[in-house]
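*Asks:* Next comes the structure file entry-v4.txt, holding compact mmCIF, C-alpha atoms.
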# COMPACT_ATOMS: atom_id res chain seq x y z
CA MET B 1 80.66 60.56 91.71
CA MET B 2 83.21 60.47 94.53
CA ARG B 3 83.63 64.21 94.17
CA TRP B 4 79.92 64.89 94.72
CA LEU B 5 79.79 62.57 97.73
CA LEU B 6 82.66 64.45 99.30
CA LEU B 7 80.97 67.77 98.55
CA ALA B 8 77.73 66.50 100.13
CA LEU B 9 79.64 65.36 103.21
CA GLY B 10 81.36 68.74 103.48
CA GLY B 11 78.02 70.45 103.04
CA ALA B 12 76.47 68.34 105.80
CA LEU B 13 79.33 69.22 108.17
CA LEU B 14 78.91 72.90 107.35
CA GLY B 15 75.18 72.37 107.92
CA GLY B 16 75.93 71.22 111.46
CA ILE B 17 77.69 74.53 112.09
CA VAL B 18 74.78 76.44 110.53
CA HIS B 19 72.38 74.53 112.82
CA LEU B 20 74.33 75.31 116.02
CA ALA B 21 74.81 78.95 115.00
CA THR B 22 71.09 79.48 114.29
CA ILE B 23 70.10 77.82 117.60
CA ILE B 24 72.47 80.09 119.54
CA ILE B 25 71.60 83.30 117.67
CA LEU B 26 67.81 82.75 117.67
CA PRO B 27 67.03 83.95 121.25
CA ARG B 28 68.87 87.22 120.56
CA THR B 29 67.05 87.97 117.33
CA ALA B 30 63.54 86.71 118.19
CA THR B 31 60.88 89.41 117.79
CA GLN B 32 57.96 87.39 119.11
CA ASP B 33 59.52 86.21 122.38
CA ALA B 34 57.80 86.88 125.70
CA TYR B 35 59.88 90.01 126.47
CA SER B 36 59.07 91.62 123.09
CA ARG B 37 55.38 90.76 123.43
CA LEU B 38 55.23 92.28 126.92
CA ALA B 39 57.29 95.33 125.90
CA ARG B 40 54.30 96.45 123.82
CA ILE B 41 51.98 96.73 126.84
CA ALA B 42 54.28 97.01 129.85
CA PRO B 43 56.14 100.29 130.54
CA VAL B 44 59.56 100.08 132.17
CA ASN B 45 59.85 99.77 135.98
CA THR B 46 56.14 99.68 136.80
CA VAL B 47 53.77 96.85 137.57
CA THR B 48 51.40 96.06 134.69
CA PRO B 49 48.55 93.60 135.27
CA LEU B 50 48.20 91.10 132.43
CA PRO B 51 44.75 90.41 130.98
CA ALA B 52 43.53 86.87 131.69
CA PRO B 53 44.13 84.55 128.70
CA THR B 54 41.08 83.60 126.62
CA PRO B 55 40.82 81.31 123.57
CA ASN B 56 40.77 84.36 121.27
CA ALA B 57 43.36 86.55 122.92
CA ALA B 58 46.39 85.90 125.07
CA ILE B 59 49.48 88.03 125.32
CA MET B 60 51.64 84.88 125.54
CA PRO B 61 51.01 81.21 124.79
CA PHE B 62 50.78 78.66 127.63
CA MET B 63 49.58 81.13 130.28
CA ASP B 64 47.99 79.39 133.27
CA PRO B 65 44.33 80.55 133.35
CA ALA B 66 44.06 79.73 137.08
CA PHE B 67 46.45 82.57 137.91
CA ALA B 68 46.17 86.34 138.05
CA ALA B 69 49.40 87.68 136.59
CA ALA B 70 51.31 90.96 136.47
CA VAL B 71 54.72 91.86 135.14
CA CYS B 72 57.33 94.48 135.86
CA ARG B 73 59.62 94.98 132.87
CA TYR B 74 62.77 96.30 134.48
CA ASP B 75 65.76 98.33 133.47
CA LEU B 76 68.49 98.56 136.10
CA SER B 77 70.71 101.03 134.22
CA GLN B 78 69.48 103.90 136.49
CA GLY B 79 69.96 101.92 139.71
CA PRO B 80 68.49 99.03 141.74
CA LEU B 81 64.78 98.32 142.08
CA LYS B 82 62.62 97.54 145.08
CA LEU B 83 59.79 95.08 144.65
CA SER B 84 57.03 94.49 147.17
CA LEU B 85 54.04 92.22 146.76
CA PRO B 86 51.45 91.29 149.39
CA VAL B 87 50.76 87.55 149.35
CA SER B 88 47.27 86.38 148.47
CA LEU B 89 45.32 83.70 150.34
CA ALA B 90 46.32 80.72 148.21
CA TYR B 91 49.69 80.80 146.46
CA THR B 92 51.77 83.72 145.27
CA SER B 93 55.04 83.56 143.38
CA VAL B 94 57.56 85.94 141.87
CA SER B 95 59.78 84.74 139.00
CA PHE B 96 62.67 86.64 137.47
CA TYR B 97 63.62 86.38 133.80
CA THR B 98 66.55 87.77 131.83
CA ARG B 99 66.12 89.77 128.62
CA THR B 100 66.12 86.45 126.72
CA ASP B 101 63.37 84.93 128.93
CA VAL B 102 65.65 82.63 130.94
CA ALA B 103 64.28 82.12 134.46
CA TYR B 104 67.10 82.82 136.92
CA TYR B 105 65.28 83.08 140.23
CA ALA B 106 61.87 82.44 141.73
CA ILE B 107 60.40 82.68 145.20
CA ASN B 108 56.96 81.87 146.56
CA ASP B 109 54.97 83.12 149.52
CA ARG B 110 55.97 80.25 151.81
CA ALA B 111 59.67 80.61 151.06
CA ALA B 112 59.43 84.35 151.70
CA GLY B 113 57.72 83.57 155.01
CA LYS B 114 56.06 86.96 155.38
CA ARG B 115 52.77 88.58 154.46
CA VAL B 116 54.60 90.79 151.98
CA ILE B 117 57.30 89.54 149.63
CA GLU B 118 60.00 92.24 149.60
CA LEU B 119 63.00 92.08 147.32
CA ASP B 120 65.83 94.28 146.09
CA LEU B 121 66.81 93.66 142.50
CA MET B 122 70.22 94.81 141.30
CA THR B 123 73.03 93.85 138.98
CA VAL B 124 76.13 92.10 140.31
CA GLU B 125 78.12 95.39 140.00
CA GLN B 126 75.48 97.37 141.92
CA HIS B 127 75.52 94.72 144.65
CA ASN B 128 79.31 94.93 144.91
CA GLN B 129 79.13 98.73 145.19
CA MET B 130 76.70 98.61 148.11
CA PRO B 131 78.31 99.94 151.33
CA GLU B 132 78.75 97.08 153.77
CA ASN B 133 76.93 98.54 156.76
CA GLU B 134 73.91 99.20 154.58
CA GLU B 135 73.87 95.56 153.70
CA ILE B 136 73.60 94.68 157.40
CA THR B 137 70.65 96.99 158.01
CA ALA B 138 69.04 95.53 154.94
CA ALA B 139 69.68 92.00 156.17
CA ASP B 140 66.00 91.14 156.35
CA ARG B 141 65.50 92.17 152.74
CA LEU B 142 66.20 89.64 150.05
CA ILE B 143 68.70 90.72 147.44
CA VAL B 144 68.36 89.27 143.95
CA GLU B 145 71.17 89.71 141.44
CA SER B 146 70.13 90.11 137.83
CA PRO B 147 72.56 88.74 135.24
CA THR B 148 71.27 91.27 132.68
CA LEU B 149 70.46 95.01 132.85
CA THR B 150 66.93 94.48 131.54
CA GLY B 151 64.48 91.68 132.10
CA LEU B 152 61.10 90.71 133.47
CA ILE B 153 59.62 90.10 136.90
CA ALA B 154 56.49 87.94 136.65
CA MET B 155 54.17 88.07 139.67
CA ARG B 156 51.45 85.47 139.88
CA ALA B 157 48.67 84.77 142.38
CA LEU B 158 46.59 81.58 142.24
CA ALA B 159 42.80 81.66 142.24
CA PRO B 160 42.04 78.14 143.57
CA GLU B 161 38.48 78.53 142.27
CA PRO B 162 37.32 80.83 139.46
CA GLY B 163 35.26 82.85 141.97
CA LEU B 164 38.42 83.80 143.86
CA MET B 165 40.04 85.48 140.82
CA PRO B 166 39.13 89.03 141.97
CA MET B 167 40.90 88.36 145.28
CA ALA B 168 44.04 87.18 143.48
CA GLN B 169 43.92 90.22 141.18
CA SER B 170 43.51 92.65 144.05
CA SER B 171 46.56 91.30 145.85
CA LEU B 172 48.60 91.84 142.66
CA ALA B 173 47.13 95.33 142.28
CA ALA B 174 48.95 96.30 145.49
CA ALA B 175 52.32 95.21 144.07
CA LYS B 176 55.03 97.86 143.68
CA CYS B 177 58.13 97.89 141.56
CA VAL B 178 60.05 101.17 141.99
CA ARG B 179 63.58 102.57 141.77
CA ALA B 180 65.27 102.09 145.12
CA ASP B 181 66.26 105.76 145.50
CA ASP B 182 62.74 107.03 144.66
CA ASN B 183 61.28 105.13 147.55
CA ASN B 184 63.25 106.69 150.40
CA MET F 185 82.80 76.19 86.42
CA ARG F 186 82.99 72.80 88.12
CA LEU F 187 84.43 74.41 91.23
CA LEU F 188 81.61 76.98 91.32
CA LEU F 189 78.96 74.30 90.86
CA GLY F 190 80.57 72.14 93.52
CA THR F 191 80.75 74.99 96.04
CA LEU F 192 77.14 75.96 95.33
CA PHE F 193 76.06 72.35 95.82
CA ALA F 194 77.90 72.09 99.15
CA LEU F 195 76.38 75.38 100.35
CA VAL F 196 72.87 74.32 99.38
CA VAL F 197 73.37 71.05 101.28
CA ALA F 198 74.69 73.01 104.29
CA ALA F 199 71.70 75.37 104.33
CA ALA F 200 69.20 72.55 103.95
CA VAL F 201 70.79 70.37 106.65
CA GLY F 202 71.42 73.25 109.07
CA LEU F 203 68.09 75.04 108.80
CA GLY F 204 66.19 71.77 108.57
CA ALA F 205 67.76 70.50 111.78
CA THR F 206 67.01 73.81 113.53
CA TYR F 207 63.38 73.76 112.40
CA PHE F 208 63.02 70.14 113.46
CA ALA F 209 64.57 70.78 116.89
CA LEU F 210 62.33 73.78 117.54
CA THR F 211 59.04 72.26 116.39
CA ARG F 212 59.71 69.08 118.37
CA GLY F 213 60.65 71.15 121.43
CA ALA F 214 63.90 69.28 121.90
CA ALA F 215 65.95 70.08 125.00
CA PHE F 216 68.30 68.15 127.24
CA GLY F 217 67.33 66.46 130.49
CA PRO F 218 63.68 65.48 130.03
CA LEU F 219 61.89 63.87 132.99
CA THR F 220 59.33 61.41 131.62
CA ILE F 221 56.80 59.68 133.85
CA ARG F 222 54.19 57.59 132.01
CA SER F 223 52.85 59.87 129.26
CA TRP F 224 53.99 63.06 131.01
CA THR F 225 57.24 64.88 130.21
CA ALA F 226 58.81 67.88 131.95
CA TRP F 227 62.08 69.73 131.39
CA PRO F 228 62.91 71.00 134.89
CA LYS F 229 66.21 72.52 133.70
CA THR F 230 64.39 74.78 131.24
CA GLY F 231 63.20 76.81 134.24
CA THR F 232 66.72 77.59 135.47
CA VAL F 233 69.79 79.59 134.39
CA ASP F 234 71.23 76.29 133.16
CA ALA F 235 68.62 76.10 130.36
CA ASP F 236 70.49 74.68 127.35
CA PRO F 237 70.62 76.54 123.99
CA TYR F 238 67.88 74.31 122.55
CA ALA F 239 65.54 75.10 125.43
CA GLN F 240 66.36 78.83 125.11
CA ALA F 241 65.71 78.83 121.37
CA SER F 242 62.43 77.00 121.79
CA ILE F 243 61.31 79.43 124.54
CA ALA F 244 62.17 82.42 122.35
CA ARG F 245 60.39 80.99 119.34
CA SER F 246 57.18 80.07 121.18
CA GLY F 247 56.99 83.38 123.07
CA ARG F 248 56.12 81.78 126.39
CA LEU F 249 57.61 82.43 129.80
CA PRO F 250 58.87 79.10 131.16
CA THR F 251 57.81 78.05 134.66
CA ALA F 252 60.77 78.86 136.90
CA LEU F 253 61.99 75.89 138.91
CA GLY F 254 61.59 77.75 142.23
CA ASP F 255 57.95 78.26 141.30
CA GLY F 256 57.02 74.83 139.95
CA VAL F 257 57.38 72.22 137.24
CA ALA F 258 55.21 71.83 134.13
CA PHE F 259 54.47 68.36 132.76
CA THR F 260 53.10 68.00 129.22
CA ALA F 261 51.10 65.06 127.86
CA LEU F 262 50.58 64.69 124.12
CA ASN F 263 49.68 60.98 124.14
CA ASP F 264 47.75 58.48 126.20
CA ASP F 265 49.60 55.70 128.04
CA LYS F 266 49.53 53.52 124.92
CA GLY F 267 51.21 56.23 122.86
CA ARG F 268 48.18 57.32 120.87
CA VAL F 269 47.81 61.04 120.15
CA LEU F 270 45.19 62.77 122.31
CA ASP F 271 42.05 63.34 120.24
CA GLY F 272 39.47 65.93 121.37
CA ARG F 273 36.62 63.88 119.91
CA CYS F 274 37.35 61.00 122.31
CA ALA F 275 36.66 60.66 126.02
CA VAL F 276 40.02 60.46 127.81
CA VAL F 277 40.28 59.69 131.52
CA LEU F 278 43.08 60.89 133.80
CA SER F 279 43.15 58.83 136.97
CA GLY F 280 45.47 58.47 139.92
CA VAL F 281 47.42 60.92 142.03
CA THR F 282 50.08 63.59 141.46
CA PRO F 283 53.48 64.01 143.15
CA ALA F 284 53.46 66.02 146.38
CA ALA F 285 52.88 69.73 145.71
CA ARG F 286 51.10 72.57 147.47
CA PHE F 287 48.90 73.18 144.45
CA TRP F 288 48.62 71.89 140.95
CA THR F 289 46.71 73.01 137.89
CA LEU F 290 45.69 71.04 134.82
CA THR F 291 45.13 73.01 131.61
CA LEU F 292 44.12 72.03 128.08
CA TYR F 293 45.82 73.85 125.18
CA ASN F 294 45.88 73.44 121.42
CA PHE F 295 49.24 72.94 119.72
CA ASP F 296 49.90 76.69 119.56
CA GLY F 297 49.54 76.97 123.33
CA GLU F 298 46.16 78.69 123.11
CA LEU F 299 43.17 77.84 125.31
CA VAL F 300 40.36 75.96 123.56
CA ALA F 301 36.93 77.63 123.44
CA ASN F 302 34.02 75.73 125.03
CA SER F 303 30.52 76.50 126.26
CA LEU F 304 31.49 76.37 129.95
CA ASN F 305 34.53 78.66 129.61
CA ARG F 306 36.39 76.02 131.60
CA TYR F 307 40.00 75.65 130.50
CA GLY F 308 41.36 73.53 133.31
CA PHE F 309 41.19 72.55 136.95
CA THR F 310 43.11 73.45 140.06
CA SER F 311 43.87 70.89 142.77
CA GLN F 312 41.28 72.61 145.00
CA GLU F 313 38.41 72.29 142.57
CA ILE F 314 38.30 68.61 141.80
CA VAL F 315 36.18 65.92 143.44
CA ARG F 316 38.31 63.09 144.84
CA HIS F 317 37.81 59.50 145.97
CA ALA F 318 38.10 58.67 149.66
CA ASP F 319 41.78 57.69 149.23
CA GLY F 320 42.69 61.04 147.67
CA SER F 321 42.95 59.79 144.10
CA PHE F 322 40.91 61.48 141.41
CA GLU F 323 39.46 60.95 137.99
CA ILE F 324 39.17 63.70 135.39
CA VAL F 325 37.24 63.09 132.16
CA VAL F 326 38.56 65.06 129.18
CA ALA F 327 35.76 64.79 126.61
CA PRO F 328 33.76 66.84 124.12
CA ARG F 329 30.41 66.10 125.83
CA ALA F 330 29.32 66.67 129.41
CA ASN F 331 30.25 64.00 131.94
CA PRO F 332 29.44 63.66 135.64
CA GLY F 333 32.27 64.42 138.04
CA ASN F 334 35.36 66.33 136.93
CA TRP F 335 34.67 67.15 133.30
CA LEU F 336 37.23 69.07 131.27
CA PRO F 337 35.68 70.01 127.89
CA THR F 338 37.82 69.60 124.78
CA GLY F 339 35.66 71.78 122.54
CA GLY F 340 35.86 68.96 120.00
CA VAL F 341 39.30 69.97 118.67
CA GLU F 342 41.20 67.30 116.83
CA ARG F 343 44.48 67.48 118.73
CA TYR F 344 45.30 69.01 122.07
CA GLN F 345 47.86 68.82 124.85
CA LEU F 346 47.47 68.70 128.61
CA LEU F 347 49.74 70.62 130.98
CA LEU F 348 49.93 69.55 134.60
CA ARG F 349 51.79 72.18 136.58
CA LEU F 350 52.97 71.39 140.09
CA TYR F 351 53.53 74.47 142.26
CA ASP F 352 55.85 74.54 145.26
CA THR F 353 57.04 70.98 144.82
CA ALA F 354 60.18 68.99 145.49
CA VAL F 355 60.09 67.58 141.95
CA GLY F 356 63.04 69.08 140.11
CA VAL F 357 66.28 68.58 138.23
CA SER F 358 67.44 65.66 140.40
CA THR F 359 64.09 63.83 140.35
CA LYS F 360 64.09 60.36 138.80
CA ALA F 361 60.95 58.67 137.56
CA GLY F 362 59.87 56.27 140.28
CA ARG F 363 57.35 55.58 142.96
CA GLU F 364 57.80 58.94 144.71
CA VAL F 365 56.61 60.74 141.60
CA PRO F 366 53.31 59.15 140.59
CA MET F 367 51.52 60.80 137.67
CA PRO F 368 47.92 60.24 136.61
CA ALA F 369 47.29 57.48 134.07
CA VAL F 370 45.96 58.73 130.71
CA THR F 371 43.54 56.25 129.11
CA VAL F 372 41.06 56.53 126.25
CA ARG F 373 37.62 55.45 127.45
CA SER F 374 35.65 55.75 124.24
CA CYS F 375 36.09 57.11 120.77
CA PRO F 376 33.26 57.84 118.33
As structure tokens, please, write out the structure in this file.
*Replies:*
Amino acid sequence: MMRWLLLALGGALLGGIVHLATIIILPRTATQDAYSRLARIAPVNTVTPLPAPTPNAAIMPFMDPAFAAAVCRYDLSQGPLKLSLPVSLAYTSVSFYTRTDVAYYAINDRAAGKRVIELDLMTVEQHNQMPENEEITAADRLIVESPTLTGLIAMRALAPEPGLMPMAQSSLAAAKCVRADDNN
Amino acid sequence: MRLLLGTLFALVVAAAVGLGATYFALTRGAAFGPLTIRSWTAWPKTGTVDADPYAQASIARSGRLPTALGDGVAFTALNDDKGRVLDGRCAVVLSGVTPAARFWTLTLYNFDGELVANSLNRYGFTSQEIVRHADGSFEIVVAPRANPGNWLPTGGVERYQLLLRLYDTAVGVSTKAGREVPMPAVTVRSCP
């Protein structure tokens, strides 16, 4: 009897390790996470508008139906990206996610303080390699450092009333997400 | 033979305990640092780089993109103020005010995070759409049948959840439940 109790206790302790290991490994092996879902419809380094969620079809769960949304699935291995997005009348935000859907940065129209949100997205190494004088000329551009080489930029514009949805969509339609060296 | 049986037994216990705990944690949406105000709960840290492994696993499993903290905070309500599960066949009233935010949206989802079909194709409200009292407070009726005022249809589903998302708000990781963060009361008005 004692022997089985000890074995059960050992098993439970081992179970604790199994639990922690599965929790930590899960985000890296998930095939239905937001990035994988969006990878099916969103090509790399371009802005893709997302269809509005309906009860029958939504690319992701828990999408806010009051927002027009677009994503840029990025890959920084070829170099930094430039993102520009004109702000809409109500509320516009840009959120950055790593490959495992962790939000690491977000900015909204008021924080950006301009009619167009302009950002440079690069990895920490690419930021370190930037010549210093260039950084001064680019002082009015916001630089965002991505912790991972790939990830997602989610752009969202609020339609305060359903009738204003086309306006929110059209401001997202003017969004650009391009390789920095293609632009100049 | 006894050793083999014993090892097998311990391994079976380990698998059951480990996987069971993982399943439980993910279906309950457990994460550290919840901010609970009345029947509303938010996990502000889930929208930052400091999201704990439980939050990350639950995000990956559900397939959603969490609301980034610089964007806003999402509060979920599964119960009314008395702790009863929200039932789509009942008339539930949200009344009061929200914490300061530039905009907020209220959305009704089923437990899979899908919108619920209804004849109006209305899935929620934004802060601009609702009719308010003179003092700025509001009342939203979440019910299967049409109601005057701010009516959010439930489509008659058995169970649902409400998400109140505050955009451009000071509510965040360091917020404590208190008078500065009022949330609407959730009360059941009538049940068939």
*Asks:* Could you check the closest approach to chain F for each of B:Thr100, B:Ser77, B:Thr150, B:Ser88 and tell me which residue wins, using only C-alpha atoms?
*Replies:*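 For chain F, the nearest of the candidates is B:Thr100.
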*Asks:* With distances taken over only C-alpha atoms, which residue among B:Met60, B:Val94, B:Ala68, B:Leu6 lies nearest Glu161 (chain B)?
*Replies:* B:Ala68
*Asks:* Take CA of Val300 (chain F) and CA of Leu262 (chain F) and report the distance between them in Å, one decimal.
*Replies:* 15.2 Å
*Asks:* Taking every listed atom of region 54-63 of chain B and adding 4 Å to each side, what centre and edge lengths in Å (one decimal) does the axis-aligned box have, as lines of an AutoDock Vina configuration file?
*Replies:*
center_x = 46.2
center_y = 83.3
center_z = 125.8
size_x = 18.9
size_y = 17.4
size_z = 17.0
*Asks:* Using only C-alpha atoms for the distances, tell me which of B:Gln129, B:Arg156, B:Gln78, B:Pro86 is nearest to chain F.
*Replies:*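 When distances to chain F are compared using only C-alpha atoms, the smallest one comes from B:Arg156.
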*Asks:* So which residues touch Phe309 (chain F) within 12 Å, counting all atoms listed in the file, skipping near sequence neighbours fewer than 6 positions away, as a list in words?
*Replies:*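 Listed by chain and then number, they are Asp64, Pro65, Ala66, Phe67, Leu158, Ala159, Pro160, Glu161 and Pro162 of chain B; Phe287, Trp288, Thr289, Leu290, Thr291, Leu292, Val315, Phe322, Glu323, Ile324, Val325, Val326, Asn334, Trp335, Leu336, Pro337, Leu346, Leu347, Leu348 and Arg349 of chain F.
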*Asks:* Residues within 10 Å of Ala275 (chain F), please, as a ChimeraX atom specification. Count all atoms listed in the file; anything in the same chain fewer than 4 positions from it doesn't count.
*Replies:* /F:270-271,325-329,331,335-338,371-376
*Asks:* Please list, as JSON, numbers by chain, the residues that have an atom at most 9 Å away from (61.3, 87.4, 124.1) in the coordinates of this file, counting only C-alpha atoms.
*Replies:* {"B": [27, 28, 29, 30, 31, 32, 33, 34, 35, 36, 37, 38, 99, 100, 101], "F": [243, 244, 245, 246, 247, 248, 249]}
*Asks:* When you count only C-alpha atoms, which of these residues is closest to chain F: B:Thr123, B:Ser171, B:Asn45, B:Thr148?
*Replies:* B:Thr148
*Asks:* So how many Å separate CA of Leu164 (chain B) and CA of Thr310 (chain F), to one decimal?
*Replies:*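 Answer for the CA of Leu164 (chain B) to CA of Thr310 (chain F) separation: 12.0 Å.
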*Asks:* (66.0, 102.1, 139.8) in this file's frame - what residues fall within 9 Å of it? Use only C-alpha atoms and give the answer as a list in words.
*Replies:* Asn45, Tyr74, Asp75, Leu76, Ser77, Gln78, Gly79, Pro80, Leu81, Lys82, Leu121, Met122, Val178, Arg179, Ala180, Asp181 and Asp182 of chain B
*Asks:* Keeping C-alpha atoms, export the residues of the selection given above as a compact mmCIF listing (two decimals), in the frame of the given file.
*Replies:*
# COMPACT_ATOMS: atom_id res chain seq x y z
CA ASN B 45 59.85 99.77 135.98
CA TYR B 74 62.77 96.30 134.48
CA ASP B 75 65.76 98.33 133.47
CA LEU B 76 68.49 98.56 136.10
CA SER B 77 70.71 101.03 134.22
CA GLN B 78 69.48 103.90 136.49
CA GLY B 79 69.96 101.92 139.71
CA PRO B 80 68.49 99.03 141.74
CA LEU B 81 64.78 98.32 142.08
CA LYS B 82 62.62 97.54 145.08
CA LEU B 121 66.81 93.66 142.50
CA MET B 122 70.22 94.81 141.30
CA VAL B 178 60.05 101.17 141.99
CA ARG B 179 63.58 102.57 141.77
CA ALA B 180 65.27 102.09 145.12
CA ASP B 181 66.26 105.76 145.50
CA ASP B 182 62.74 107.03 144.66
*Asks:* Identify which of the residues B:Met1, B:Leu85, B:Ala57, B:Ala52 lies closest to Ala175 (chain B), counting all atoms listed in the file when measuring atom-to-atom distances.
*Replies:*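 Looking at the shortest contact to Ala175 (chain B), the residue is B:Leu85.
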*Asks:* Would you mind listing what lies within 8 Å of Ser223 (chain F) as a ChimeraX atom specification, with only C-alpha atoms counted and same-chain residues fewer than 3 positions away left out?
*Replies:* /F:220,261-265,267,369-370
*Asks:* Can you work out which one of F:Leu278, F:Leu187, F:Ala214, F:Ala235 has the shortest atom-to-atom distance to chain B, counting all atoms listed in the file?
*Replies:*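 Answer, going by the shortest atom-to-atom distance: F:Ala235.
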*Asks:* Could you tell me how far CA of Ile41 (chain B) lies from CA of Tyr344 (chain F), in Å and to one decimal?
*Replies:*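 Taking CA of Ile41 (chain B) and CA of Tyr344 (chain F), their separation equals 28.9 Å.
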